[in-house]
$ cat target_19.cif   # mmCIF, C-alpha atoms
data_upload
#
loop_
_atom_site.label_atom_id
_atom_site.label_comp_id
_atom_site.auth_asym_id
_atom_site.auth_seq_id
_atom_site.Cartn_x
_atom_site.Cartn_y
_atom_site.Cartn_z
CA MET T 1459 149.93 -155.32 -32.87
CA GLU T 1460 151.71 -158.24 -34.55
CA ASP T 1461 152.34 -158.19 -38.31
CA GLN T 1462 150.16 -161.29 -38.70
CA GLU T 1463 147.26 -159.55 -36.97
CA ILE T 1464 147.63 -156.56 -39.25
CA LEU T 1465 147.74 -158.82 -42.31
CA MET T 1466 144.57 -160.61 -41.18
CA LYS T 1467 142.80 -157.29 -40.71
CA VAL T 1468 143.96 -156.03 -44.12
CA ASN T 1469 142.73 -159.32 -45.54
CA ASP T 1470 139.28 -158.70 -44.03
CA LEU T 1471 139.17 -155.14 -45.36
CA VAL T 1472 140.21 -156.21 -48.86
CA SER T 1473 137.66 -159.04 -48.79
CA ALA T 1474 134.93 -156.56 -47.81
CA ILE T 1475 135.80 -154.21 -50.68
CA LEU T 1476 136.07 -156.99 -53.25
CA LYS T 1477 132.92 -158.66 -51.85
CA ARG T 1478 134.60 -162.07 -51.70
CA LYS T 1479 137.02 -163.96 -49.47
CA VAL T 1480 140.68 -163.34 -50.38
CA GLU T 1481 143.78 -164.95 -48.90
CA LEU T 1482 146.65 -162.46 -48.75
CA SER T 1483 150.20 -163.44 -47.96
CA PRO T 1484 153.08 -160.99 -47.52
CA ALA T 1485 154.15 -161.75 -51.11
CA THR T 1486 150.72 -161.13 -52.64
CA THR T 1487 150.62 -158.27 -55.14
CA ALA T 1488 147.56 -156.38 -56.37
CA ALA T 1489 147.98 -158.09 -59.74
CA ASP T 1490 147.62 -161.48 -58.00
CA VAL T 1491 144.16 -160.62 -56.65
CA ASP T 1492 141.22 -160.73 -59.04
CA GLY T 1493 139.38 -157.43 -58.99
CA TRP T 1494 142.11 -155.40 -57.24
CA ASP T 1495 142.19 -152.69 -59.87
CA SER T 1496 142.82 -148.97 -59.49
CA LEU T 1497 139.25 -148.28 -58.36
CA SER T 1498 139.17 -150.96 -55.67
CA HIS T 1499 142.74 -149.94 -54.73
CA MET T 1500 141.43 -146.47 -53.92
CA MET T 1501 138.68 -147.91 -51.73
CA ILE T 1502 141.05 -150.36 -50.05
CA ILE T 1503 143.59 -147.67 -49.15
CA ASP T 1504 140.79 -145.42 -47.86
CA LYS T 1505 139.33 -148.24 -45.73
CA ILE T 1506 142.74 -149.18 -44.32
CA GLU T 1507 143.53 -145.57 -43.42
CA LYS T 1508 140.17 -145.16 -41.67
CA HIS T 1509 140.34 -148.50 -39.84
CA PHE T 1510 143.87 -148.01 -38.50
CA ALA T 1511 143.44 -144.20 -38.12
CA ILE T 1512 146.56 -143.53 -40.17
CA LYS T 1513 147.41 -141.52 -43.28
CA PHE T 1514 149.82 -142.83 -45.87
CA LYS T 1515 152.29 -140.46 -47.48
CA LEU T 1516 152.48 -140.44 -51.26
CA LYS T 1517 156.01 -141.85 -51.18
CA GLU T 1518 154.80 -144.70 -48.97
CA VAL T 1519 151.90 -145.84 -51.19
CA MET T 1520 154.15 -145.69 -54.24
CA GLU T 1521 156.49 -148.15 -52.54
CA PHE T 1522 153.86 -150.81 -51.81
CA LYS T 1523 154.84 -153.67 -54.10
CA ASN T 1524 153.02 -156.36 -52.11
CA ALA T 1525 150.89 -156.96 -49.03
CA GLY T 1526 154.03 -157.35 -46.92
CA ASP T 1527 155.14 -153.79 -47.76
CA LEU T 1528 151.68 -152.51 -46.87
CA VAL T 1529 151.68 -154.35 -43.52
CA ALA T 1530 155.19 -153.11 -42.70
CA CYS T 1531 154.14 -149.53 -43.36
CA ILE T 1532 151.01 -149.87 -41.22
CA GLN T 1533 153.11 -151.39 -38.43
CA LYS T 1534 155.58 -148.51 -38.63
CA LYS T 1535 152.75 -145.99 -38.36
CA LEU T 1536 151.14 -147.76 -35.41
CA SER T 1537 154.39 -148.04 -33.44
CA MET W 650 161.01 -124.05 -90.72
CA ASN W 651 163.28 -125.56 -88.11
CA ILE W 652 161.87 -128.48 -86.08
CA THR W 653 163.73 -129.61 -82.98
CA ILE W 654 162.83 -132.25 -80.39
CA ARG W 655 163.94 -132.12 -76.77
CA ARG W 656 163.03 -133.46 -73.34
CA ALA W 657 160.54 -131.41 -71.36
CA ALA W 658 161.74 -129.47 -68.34
CA GLU W 659 159.95 -127.87 -65.39
CA SER W 660 159.79 -124.60 -67.30
CA ASP W 661 157.50 -126.38 -69.82
CA LYS W 662 154.89 -127.18 -67.18
CA ASP W 663 152.23 -124.78 -68.52
CA PHE W 664 152.59 -126.19 -72.04
CA LEU W 665 152.41 -129.75 -70.69
CA ILE W 666 149.26 -128.96 -68.71
CA THR W 667 147.68 -127.65 -71.91
CA ALA W 668 148.83 -130.81 -73.71
CA ILE W 669 147.35 -133.10 -71.05
CA ILE W 670 143.99 -131.31 -71.02
CA GLU W 671 143.68 -130.98 -74.80
CA ALA W 672 144.71 -134.63 -75.31
CA GLU W 673 142.10 -135.67 -72.75
CA LYS W 674 139.44 -133.77 -74.71
CA SER W 675 140.22 -135.92 -77.78
CA GLY W 676 138.92 -133.28 -80.14
CA SER W 677 135.72 -132.68 -78.14
CA ASP W 678 135.03 -130.03 -75.50
CA MET W 679 134.69 -132.62 -72.70
CA VAL W 680 137.38 -132.90 -70.04
CA SER W 681 136.64 -136.18 -68.29
CA TYR W 682 138.66 -135.30 -65.16
CA CYS W 683 136.37 -132.31 -64.57
CA SER W 684 133.22 -134.39 -65.02
CA ILE W 685 134.43 -137.35 -62.95
CA PHE W 686 135.67 -135.32 -59.99
CA SER W 687 133.28 -132.34 -60.31
CA ILE W 688 136.15 -129.87 -60.47
CA SER W 689 136.63 -126.77 -62.58
CA GLN W 690 139.30 -126.47 -65.25
CA ALA W 691 141.19 -124.09 -62.98
CA GLU W 692 141.15 -126.73 -60.20
CA LEU W 693 142.20 -129.36 -62.72
CA LYS W 694 145.17 -127.24 -63.81
CA GLU W 695 146.24 -126.94 -60.18
CA LEU W 696 145.87 -130.70 -59.72
CA LEU W 697 147.94 -131.45 -62.82
CA SER W 698 150.57 -128.93 -61.72
CA ASN W 699 150.86 -130.67 -58.34
CA ILE W 700 151.08 -134.11 -59.97
CA LEU W 701 153.78 -132.96 -62.42
CA ASP W 702 155.74 -131.44 -59.53
CA GLU W 703 155.91 -134.83 -57.78
CA ASP W 704 158.16 -136.34 -60.46
CA ILE W 705 156.60 -139.79 -60.25
CA GLU W 706 157.69 -142.17 -63.03
CA GLY W 707 155.68 -144.91 -64.63
CA GLN W 708 152.64 -142.93 -65.72
CA GLU W 709 151.72 -140.26 -68.22
CA MET W 710 152.25 -137.18 -66.05
CA TYR W 711 156.00 -137.28 -65.43
CA ILE W 712 157.82 -134.28 -66.87
CA ARG W 713 160.99 -136.15 -67.81
CA ASP W 714 158.99 -138.63 -69.90
CA PHE W 715 157.57 -135.90 -72.12
CA LEU W 716 159.25 -134.96 -75.38
CA ILE W 717 158.46 -131.58 -76.90
CA ALA W 718 158.72 -130.62 -80.56
CA GLU W 719 159.55 -127.00 -81.21
CA VAL W 720 159.01 -125.21 -84.50
CA ASP W 721 161.37 -122.28 -84.91
CA GLY W 722 161.88 -122.30 -81.14
CA GLU W 723 158.16 -122.35 -80.25
CA PRO W 724 156.70 -125.38 -78.37
CA ALA W 725 154.40 -127.01 -80.89
CA ALA W 726 153.70 -130.58 -79.77
CA ALA W 727 154.20 -132.94 -76.86
CA VAL W 728 154.00 -136.69 -76.24
CA SER W 729 154.49 -138.64 -73.03
CA ALA W 730 155.83 -142.22 -73.09
CA TRP W 731 156.78 -144.81 -70.47
CA ILE W 732 157.32 -148.55 -70.18
CA GLU W 733 154.28 -150.02 -68.43
CA ASN W 734 154.97 -151.64 -65.04
CA GLU W 735 158.67 -150.76 -65.18
CA THR W 736 158.48 -149.42 -61.62
CA GLY W 737 156.61 -152.50 -60.39
CA LEU W 738 153.24 -150.75 -60.31
CA SER W 739 150.76 -150.29 -63.15
CA SER W 740 150.36 -146.74 -64.44
CA ASN W 741 146.70 -146.84 -63.36
CA MET W 742 147.66 -147.63 -59.76
CA ILE W 743 150.28 -144.88 -59.72
CA LYS W 744 147.80 -142.35 -61.11
CA THR W 745 145.17 -143.43 -58.57
CA ASN W 746 147.68 -142.93 -55.76
CA LEU W 747 148.49 -139.45 -57.08
CA LEU W 748 144.84 -138.45 -57.42
CA MET W 749 144.06 -139.76 -53.92
CA TYR W 750 146.95 -137.76 -52.51
CA PHE W 751 145.99 -134.44 -54.09
CA LEU W 752 142.23 -134.58 -54.29
CA ASP W 753 140.06 -134.23 -51.23
CA ARG W 754 139.05 -137.73 -50.06
CA ASP W 755 135.35 -136.87 -50.33
CA ILE W 756 135.85 -135.82 -53.96
CA MET W 757 137.52 -139.17 -54.70
CA MET W 758 134.81 -141.19 -52.97
CA ASN W 759 131.99 -139.22 -54.59
CA ALA W 760 133.60 -139.95 -57.95
CA THR W 761 133.31 -143.72 -57.41
CA PRO W 762 130.22 -144.23 -59.65
CA TYR W 763 131.95 -142.35 -62.48
CA LEU W 764 135.21 -144.22 -61.95
CA LYS W 765 133.22 -147.48 -62.17
CA LEU W 766 131.85 -146.32 -65.53
CA MET W 767 135.32 -145.44 -66.75
CA ASN W 768 136.49 -148.92 -65.71
CA GLU W 769 133.97 -150.38 -68.18
CA VAL W 770 135.74 -148.71 -71.08
CA ASN W 771 139.36 -148.70 -69.86
CA ILE W 772 141.71 -151.00 -71.71
CA HIS W 773 144.45 -152.87 -69.85
CA ARG W 774 147.96 -151.70 -70.69
CA GLU W 775 150.40 -154.51 -71.36
CA ALA W 776 153.37 -154.75 -69.02
CA ASN W 777 156.71 -153.98 -70.69
CA ALA W 778 155.08 -152.33 -73.71
CA LEU W 779 155.95 -148.70 -74.42
CA GLN W 780 152.86 -146.60 -73.75
CA VAL W 781 152.31 -143.25 -75.47
CA GLU W 782 149.86 -140.72 -74.08
CA CYS W 783 149.02 -137.02 -73.83
CA ILE W 784 149.66 -136.65 -77.55
CA TYR W 785 149.08 -133.04 -78.47
CA THR W 786 149.92 -130.71 -81.33
CA SER W 787 148.86 -127.11 -81.08
CA GLU W 788 146.44 -126.15 -83.82
CA LYS W 789 148.71 -123.87 -85.80
CA PHE W 790 151.33 -126.61 -86.16
CA ARG W 791 149.12 -129.49 -87.29
CA GLY W 792 149.91 -131.35 -90.47
CA LEU W 793 153.68 -131.43 -89.92
CA GLY W 794 153.75 -135.01 -88.61
CA LEU W 795 155.06 -133.81 -85.24
CA SER W 796 153.34 -136.48 -83.11
CA GLY W 797 154.80 -139.22 -85.33
CA LYS W 798 158.27 -137.68 -85.03
CA LEU W 799 157.88 -137.48 -81.25
CA ILE W 800 156.76 -141.11 -80.96
CA ASN W 801 159.70 -142.25 -83.09
CA GLU W 802 162.10 -140.24 -80.96
CA HIS W 803 160.63 -141.75 -77.78
CA ILE W 804 161.22 -145.23 -79.22
CA ARG W 805 164.77 -144.36 -80.23
CA LEU W 806 165.67 -142.87 -76.85
CA LYS W 807 164.16 -145.72 -74.84
CA LEU W 808 165.96 -148.36 -76.92
CA GLU W 809 169.20 -146.37 -76.75
CA GLY W 810 168.78 -146.29 -72.96
CA GLY W 811 168.69 -150.09 -72.86
CA ALA W 812 164.94 -150.71 -72.66
CA THR W 813 163.77 -153.95 -74.27
CA PHE W 814 160.22 -153.69 -75.51
CA ASN W 815 158.80 -154.97 -78.75
CA LYS W 816 155.58 -153.02 -79.04
CA VAL W 817 154.24 -149.52 -78.62
CA GLN W 818 150.65 -148.99 -77.49
CA VAL W 819 148.30 -146.04 -77.61
CA ILE W 820 144.73 -145.89 -76.31
CA LEU W 821 142.22 -143.42 -77.72
CA LEU W 822 138.54 -142.79 -78.18
CA LYS W 823 137.14 -144.52 -81.24
CA ASN W 824 135.60 -141.30 -82.57
CA ASN W 825 138.96 -139.48 -82.65
CA GLN W 826 139.39 -140.01 -86.38
CA SER W 827 142.17 -137.47 -86.91
CA ALA W 828 144.31 -139.07 -84.18
CA ARG W 829 143.58 -142.55 -85.53
CA LYS W 830 144.71 -141.51 -89.03
CA ALA W 831 147.91 -140.06 -87.59
CA TYR W 832 148.68 -143.30 -85.72
CA VAL W 833 147.96 -145.45 -88.77
CA LYS W 834 150.40 -143.23 -90.66
CA ALA W 835 152.90 -143.82 -87.83
CA GLY W 836 152.59 -147.60 -88.22
CA PHE W 837 149.92 -148.41 -85.62
CA SER W 838 146.91 -150.67 -86.13
CA VAL W 839 143.82 -151.31 -84.03
CA VAL W 840 144.12 -154.50 -81.95
CA GLN W 841 141.37 -154.11 -79.38
CA GLU W 842 138.15 -152.25 -78.85
CA LYS W 843 136.13 -151.83 -75.64
CA THR W 844 132.66 -150.36 -75.35
CA CYS W 845 130.96 -149.30 -72.15
CA PRO W 846 127.49 -150.89 -72.09
CA ASP W 847 126.13 -148.04 -69.97
CA LYS W 848 125.42 -144.97 -72.08
CA ALA W 849 125.86 -142.81 -68.98
CA ILE W 850 129.56 -142.89 -69.99
CA LEU W 851 128.62 -140.24 -72.55
CA LYS W 852 128.35 -137.77 -69.65
CA LEU W 853 132.11 -138.25 -69.21
CA LEU W 854 133.45 -139.02 -72.67
CA SER W 855 132.42 -137.99 -76.16
CA CYS W 856 132.38 -141.65 -77.22
CA ASP W 857 131.42 -144.93 -75.50
CA THR W 858 134.27 -146.91 -77.04
CA LYS W 859 138.02 -146.86 -76.62
CA ILE W 860 140.46 -148.53 -78.97
CA LEU W 861 143.96 -149.87 -78.39
CA MET W 862 146.37 -149.38 -81.27
CA GLU W 863 149.72 -151.11 -81.46
CA ARG W 864 152.91 -150.86 -83.41
CA LYS W 865 155.19 -153.88 -83.27
CA LEU W 866 158.92 -153.33 -83.39
CA ASN W 867 161.58 -155.70 -84.61
CA CYS W 868 164.15 -155.34 -81.83
CA GLU W 869 167.45 -157.21 -82.02
#

$ encode --input "target_19.cif" --output "structure tokens"
Amino acid sequence: MEDQEILMKVNDLVSAILKRKVELSPATTAADVDGWDSLSHMMIIDKIEKHFAIKFKLKEVMEFKNAGDLVACIQKKLS
Amino acid sequence: MNITIRRAAESDKDFLITAIIEAEKSGSDMVSYCSIFSISQAELKELLSNILDEDIEGQEMYIRDFLIAEVDGEPAAAVSAWIENETGLSSNMIKTNLLMYFLDRDIMMNATPYLKLMNEVNIHREANALQVECIYTSEKFRGLGLSGKLINEHIRLKLEGGATFNKVQVILLKNNQSARKAYVKAGFSVVQEKTCPDKAILKLLSCDTKILMERKLNCE
């Protein structure tokens, strides 16, 4: 799966959790997205893990500084 | 009476767990973690032990960011302090990641309605401000100004280490009058108040309102 495809899917999942359309770019951080607080973060991570059938390690989630980091990690796990 | 202040070490874990739980109670007998996640105090202690073992900076449960005051060699008080967002993530995000990692996913998801309630009363921590949390003095050593001494020492050490912040923040329940008096004495004043409109919050906390207190520093 291409990085762009993964980003689009993450975008859809985040939009579903936040109940509005968001536009993520690789540089987007949680602080940039209205409503992406610690509670929605928990639901977003859970949804992503279930959708892609992956499990993030603690070290990995701690290193997500932006959407690009998240996509790269998902890509690594899918490869 | 000899008072000394030192950094916490792994061997202090039991004392720190007591500090975290007692600070969370804010003078009441309610431990919000237990109510939110439907876990026992024994399970909570295990959870806190696991989180402390991870050594994750940028939030209140990092051993190296605790200072301990000892009175005649006995641990008497503890305070945790960190610079908000220094690692690039907010302390709330880091704590959420830790809880998700150690708690069963069903427990986390079932807690969502309670976490939503807590969101209504949680106050945003300012990036680059020094945050103080888990402020605890064991009962027999109260009245010695230990928490104030610990906060001052945190400020001194952080500034000595090159940190550049110009305010210190602490968040507490509005009904915690003894803590509020201690912070006023330590130079803090109330700058923000947040009340949860849903009284169901009183199932989780002893008060529906949190306050943010600040102490501004004049840093050169």

$ resolve_selection --input "target_19.cif" --expression "the PyMOL selection byres ((chain T) within 8 of (chain W))" --output "list of chain:residue names"
T:Asp1495, T:Ser1496, T:Leu1497, T:His1499, T:Met1500, T:Met1501, T:Lys1515, T:Leu1516, T:Val1519, T:Met1520, T:Lys1523

$ write_last_selection --input "target_19.cif" --atoms "C-alpha atoms" --output "mmCIF file, in the frame of the given file"
data_model
loop_
_atom_site.group_PDB
_atom_site.id
_atom_site.type_symbol
_atom_site.label_atom_id
_atom_site.label_comp_id
_atom_site.auth_asym_id
_atom_site.auth_seq_id
_atom_site.Cartn_x
_atom_site.Cartn_y
_atom_site.Cartn_z
ATOM 1 C CA ASP T 1495 142.190 -152.690 -59.870
ATOM 2 C CA SER T 1496 142.820 -148.970 -59.490
ATOM 3 C CA LEU T 1497 139.250 -148.280 -58.360
ATOM 4 C CA HIS T 1499 142.740 -149.940 -54.730
ATOM 5 C CA MET T 1500 141.430 -146.470 -53.920
ATOM 6 C CA MET T 1501 138.680 -147.910 -51.730
ATOM 7 C CA LYS T 1515 152.290 -140.460 -47.480
ATOM 8 C CA LEU T 1516 152.480 -140.440 -51.260
ATOM 9 C CA VAL T 1519 151.900 -145.840 -51.190
ATOM 10 C CA MET T 1520 154.150 -145.690 -54.240
ATOM 11 C CA LYS T 1523 154.840 -153.670 -54.100
#

$ residues_around --input "target_19.cif" --residues "T:Trp1494" --least-positions-apart "5" --cutoff "9 Å" --atoms "all atoms listed in the file" --output "list in words"
Val1472, Leu1476, Ala1488, Ala1489, His1499 and Ile1502 of chain T

$ resolve_selection --input "target_19.cif" --expression "the PyMOL selection byres ((chain W and resi 721-732) around 7)" --output "mmCIF file with C-alpha atoms, keeping the file's coordinate frame"
data_model
loop_
_atom_site.group_PDB
_atom_site.id
_atom_site.type_symbol
_atom_site.label_atom_id
_atom_site.label_comp_id
_atom_site.auth_asym_id
_atom_site.auth_seq_id
_atom_site.Cartn_x
_atom_site.Cartn_y
_atom_site.Cartn_z
ATOM 1 C CA MET W 650 161.010 -124.050 -90.720
ATOM 2 C CA ASN W 651 163.280 -125.560 -88.110
ATOM 3 C CA ILE W 652 161.870 -128.480 -86.080
ATOM 4 C CA ALA W 668 148.830 -130.810 -73.710
ATOM 5 C CA GLY W 707 155.680 -144.910 -64.630
ATOM 6 C CA GLN W 708 152.640 -142.930 -65.720
ATOM 7 C CA GLU W 709 151.720 -140.260 -68.220
ATOM 8 C CA ASP W 714 158.990 -138.630 -69.900
ATOM 9 C CA PHE W 715 157.570 -135.900 -72.120
ATOM 10 C CA LEU W 716 159.250 -134.960 -75.380
ATOM 11 C CA ILE W 717 158.460 -131.580 -76.900
ATOM 12 C CA ALA W 718 158.720 -130.620 -80.560
ATOM 13 C CA GLU W 719 159.550 -127.000 -81.210
ATOM 14 C CA VAL W 720 159.010 -125.210 -84.500
ATOM 15 C CA GLU W 733 154.280 -150.020 -68.430
ATOM 16 C CA ASN W 734 154.970 -151.640 -65.040
ATOM 17 C CA GLU W 735 158.670 -150.760 -65.180
ATOM 18 C CA ASN W 777 156.710 -153.980 -70.690
ATOM 19 C CA ALA W 778 155.080 -152.330 -73.710
ATOM 20 C CA LEU W 779 155.950 -148.700 -74.420
ATOM 21 C CA GLN W 780 152.860 -146.600 -73.750
ATOM 22 C CA VAL W 781 152.310 -143.250 -75.470
ATOM 23 C CA GLU W 782 149.860 -140.720 -74.080
ATOM 24 C CA CYS W 783 149.020 -137.020 -73.830
ATOM 25 C CA ILE W 784 149.660 -136.650 -77.550
ATOM 26 C CA TYR W 785 149.080 -133.040 -78.470
ATOM 27 C CA THR W 786 149.920 -130.710 -81.330
ATOM 28 C CA SER W 787 148.860 -127.110 -81.080
ATOM 29 C CA PHE W 790 151.330 -126.610 -86.160
ATOM 30 C CA LEU W 795 155.060 -133.810 -85.240
ATOM 31 C CA SER W 796 153.340 -136.480 -83.110
ATOM 32 C CA LEU W 799 157.880 -137.480 -81.250
ATOM 33 C CA HIS W 803 160.630 -141.750 -77.780
#

$ atom_distance --input "target_19.cif" --atom1 "atom CA of W:Cys845" --atom2 "atom CA of W:Ile670"
22.2 Å

$ atom_distance --input "target_19.cif" --atom1 "atom CA of W:Asp755" --atom2 "atom CA of W:Ile685"
12.7 Å

$ resolve_selection --input "target_19.cif" --expression "the PyMOL selection byres ((chain T and resi 1529) around 8)" --output "list in words"
Asp1461, Ile1464, Leu1465, Val1468, Pro1484, Ala1525, Gly1526, Asp1527, Leu1528, Ala1530, Cys1531, Ile1532 and Gln1533 of chain T

$ write_last_selection --input "target_19.cif" --atoms "C-alpha atoms" --output "mmCIF file, keeping the file's coordinate frame"
data_model
loop_
_atom_site.group_PDB
_atom_site.id
_atom_site.type_symbol
_atom_site.label_atom_id
_atom_site.label_comp_id
_atom_site.auth_asym_id
_atom_site.auth_seq_id
_atom_site.Cartn_x
_atom_site.Cartn_y
_atom_site.Cartn_z
ATOM 1 C CA ASP T 1461 152.340 -158.190 -38.310
ATOM 2 C CA ILE T 1464 147.630 -156.560 -39.250
ATOM 3 C CA LEU T 1465 147.740 -158.820 -42.310
ATOM 4 C CA VAL T 1468 143.960 -156.030 -44.120
ATOM 5 C CA PRO T 1484 153.080 -160.990 -47.520
ATOM 6 C CA ALA T 1525 150.890 -156.960 -49.030
ATOM 7 C CA GLY T 1526 154.030 -157.350 -46.920
ATOM 8 C CA ASP T 1527 155.140 -153.790 -47.760
ATOM 9 C CA LEU T 1528 151.680 -152.510 -46.870
ATOM 10 C CA ALA T 1530 155.190 -153.110 -42.700
ATOM 11 C CA CYS T 1531 154.140 -149.530 -43.360
ATOM 12 C CA ILE T 1532 151.010 -149.870 -41.220
ATOM 13 C CA GLN T 1533 153.110 -151.390 -38.430
#

$ atom_distance --input "target_19.cif" --atom1 "atom CA of W:Met710" --atom2 "atom CA of W:Val819"
15.1 Å

$ closest_residue --input "target_19.cif" --among "W:Leu861, W:Leu853, W:Ala776, W:Leu808" --to "W:Phe686" --atoms "only C-alpha atoms"
W:Leu853

$ closest_residue --input "target_19.cif" --among "T:Val1491, T:Ile1506, T:Asn1524, T:Ser1483" --to "T:Lys1467" --atoms "all atoms listed in the file"
T:Ile1506

$ closest_residue --input "target_19.cif" --among "W:Lys823, W:Lys662, W:Lys859, W:Arg864" --to "W:Phe837" --atoms "only C-alpha atoms"
W:Arg864

$ closest_residue --input "target_19.cif" --among "W:Ser687, W:Thr667, W:Asn801, W:Ser660" --to "W:Asn759" --atoms "only C-alpha atoms"
W:Ser687

$ residues_near_point --input "target_19.cif" --point "(135.7, -145.4, -71.6)" --cutoff "8 Å" --atoms "all atoms listed in the file" --output "JSON, numbers by chain"
{"W": [766, 767, 768, 769, 770, 771, 822, 843, 844, 845, 850, 854, 856, 857, 858, 859]}

$ closest_residue --input "target_19.cif" --among "W:Arg791, W:Lys834, W:Lys865, W:His773" --to "W:Phe814" --atoms "all atoms listed in the file"
W:Lys865

$ axis_aligned_box --input "target_19.cif" --around "stretch 830-845 of chain W" --padding-each-side "5 Å" --output "JSON"
{"center_x": 141.9, "center_y": -147.3, "center_z": -81.4, "size_x": 31.9, "size_y": 24.4, "size_z": 28.5}

$ closest_residue --input "target_19.cif" --among "T:Asp1490, T:Glu1460, T:Leu1536, T:Ser1473" --to "T:Ala1511" --atoms "only C-alpha atoms"
T:Leu1536

$ residues_around --input "target_19.cif" --residues "W:Ile712" --least-positions-apart "3" --cutoff "8 Å" --atoms "only C-alpha atoms" --output "count of residues only"
7
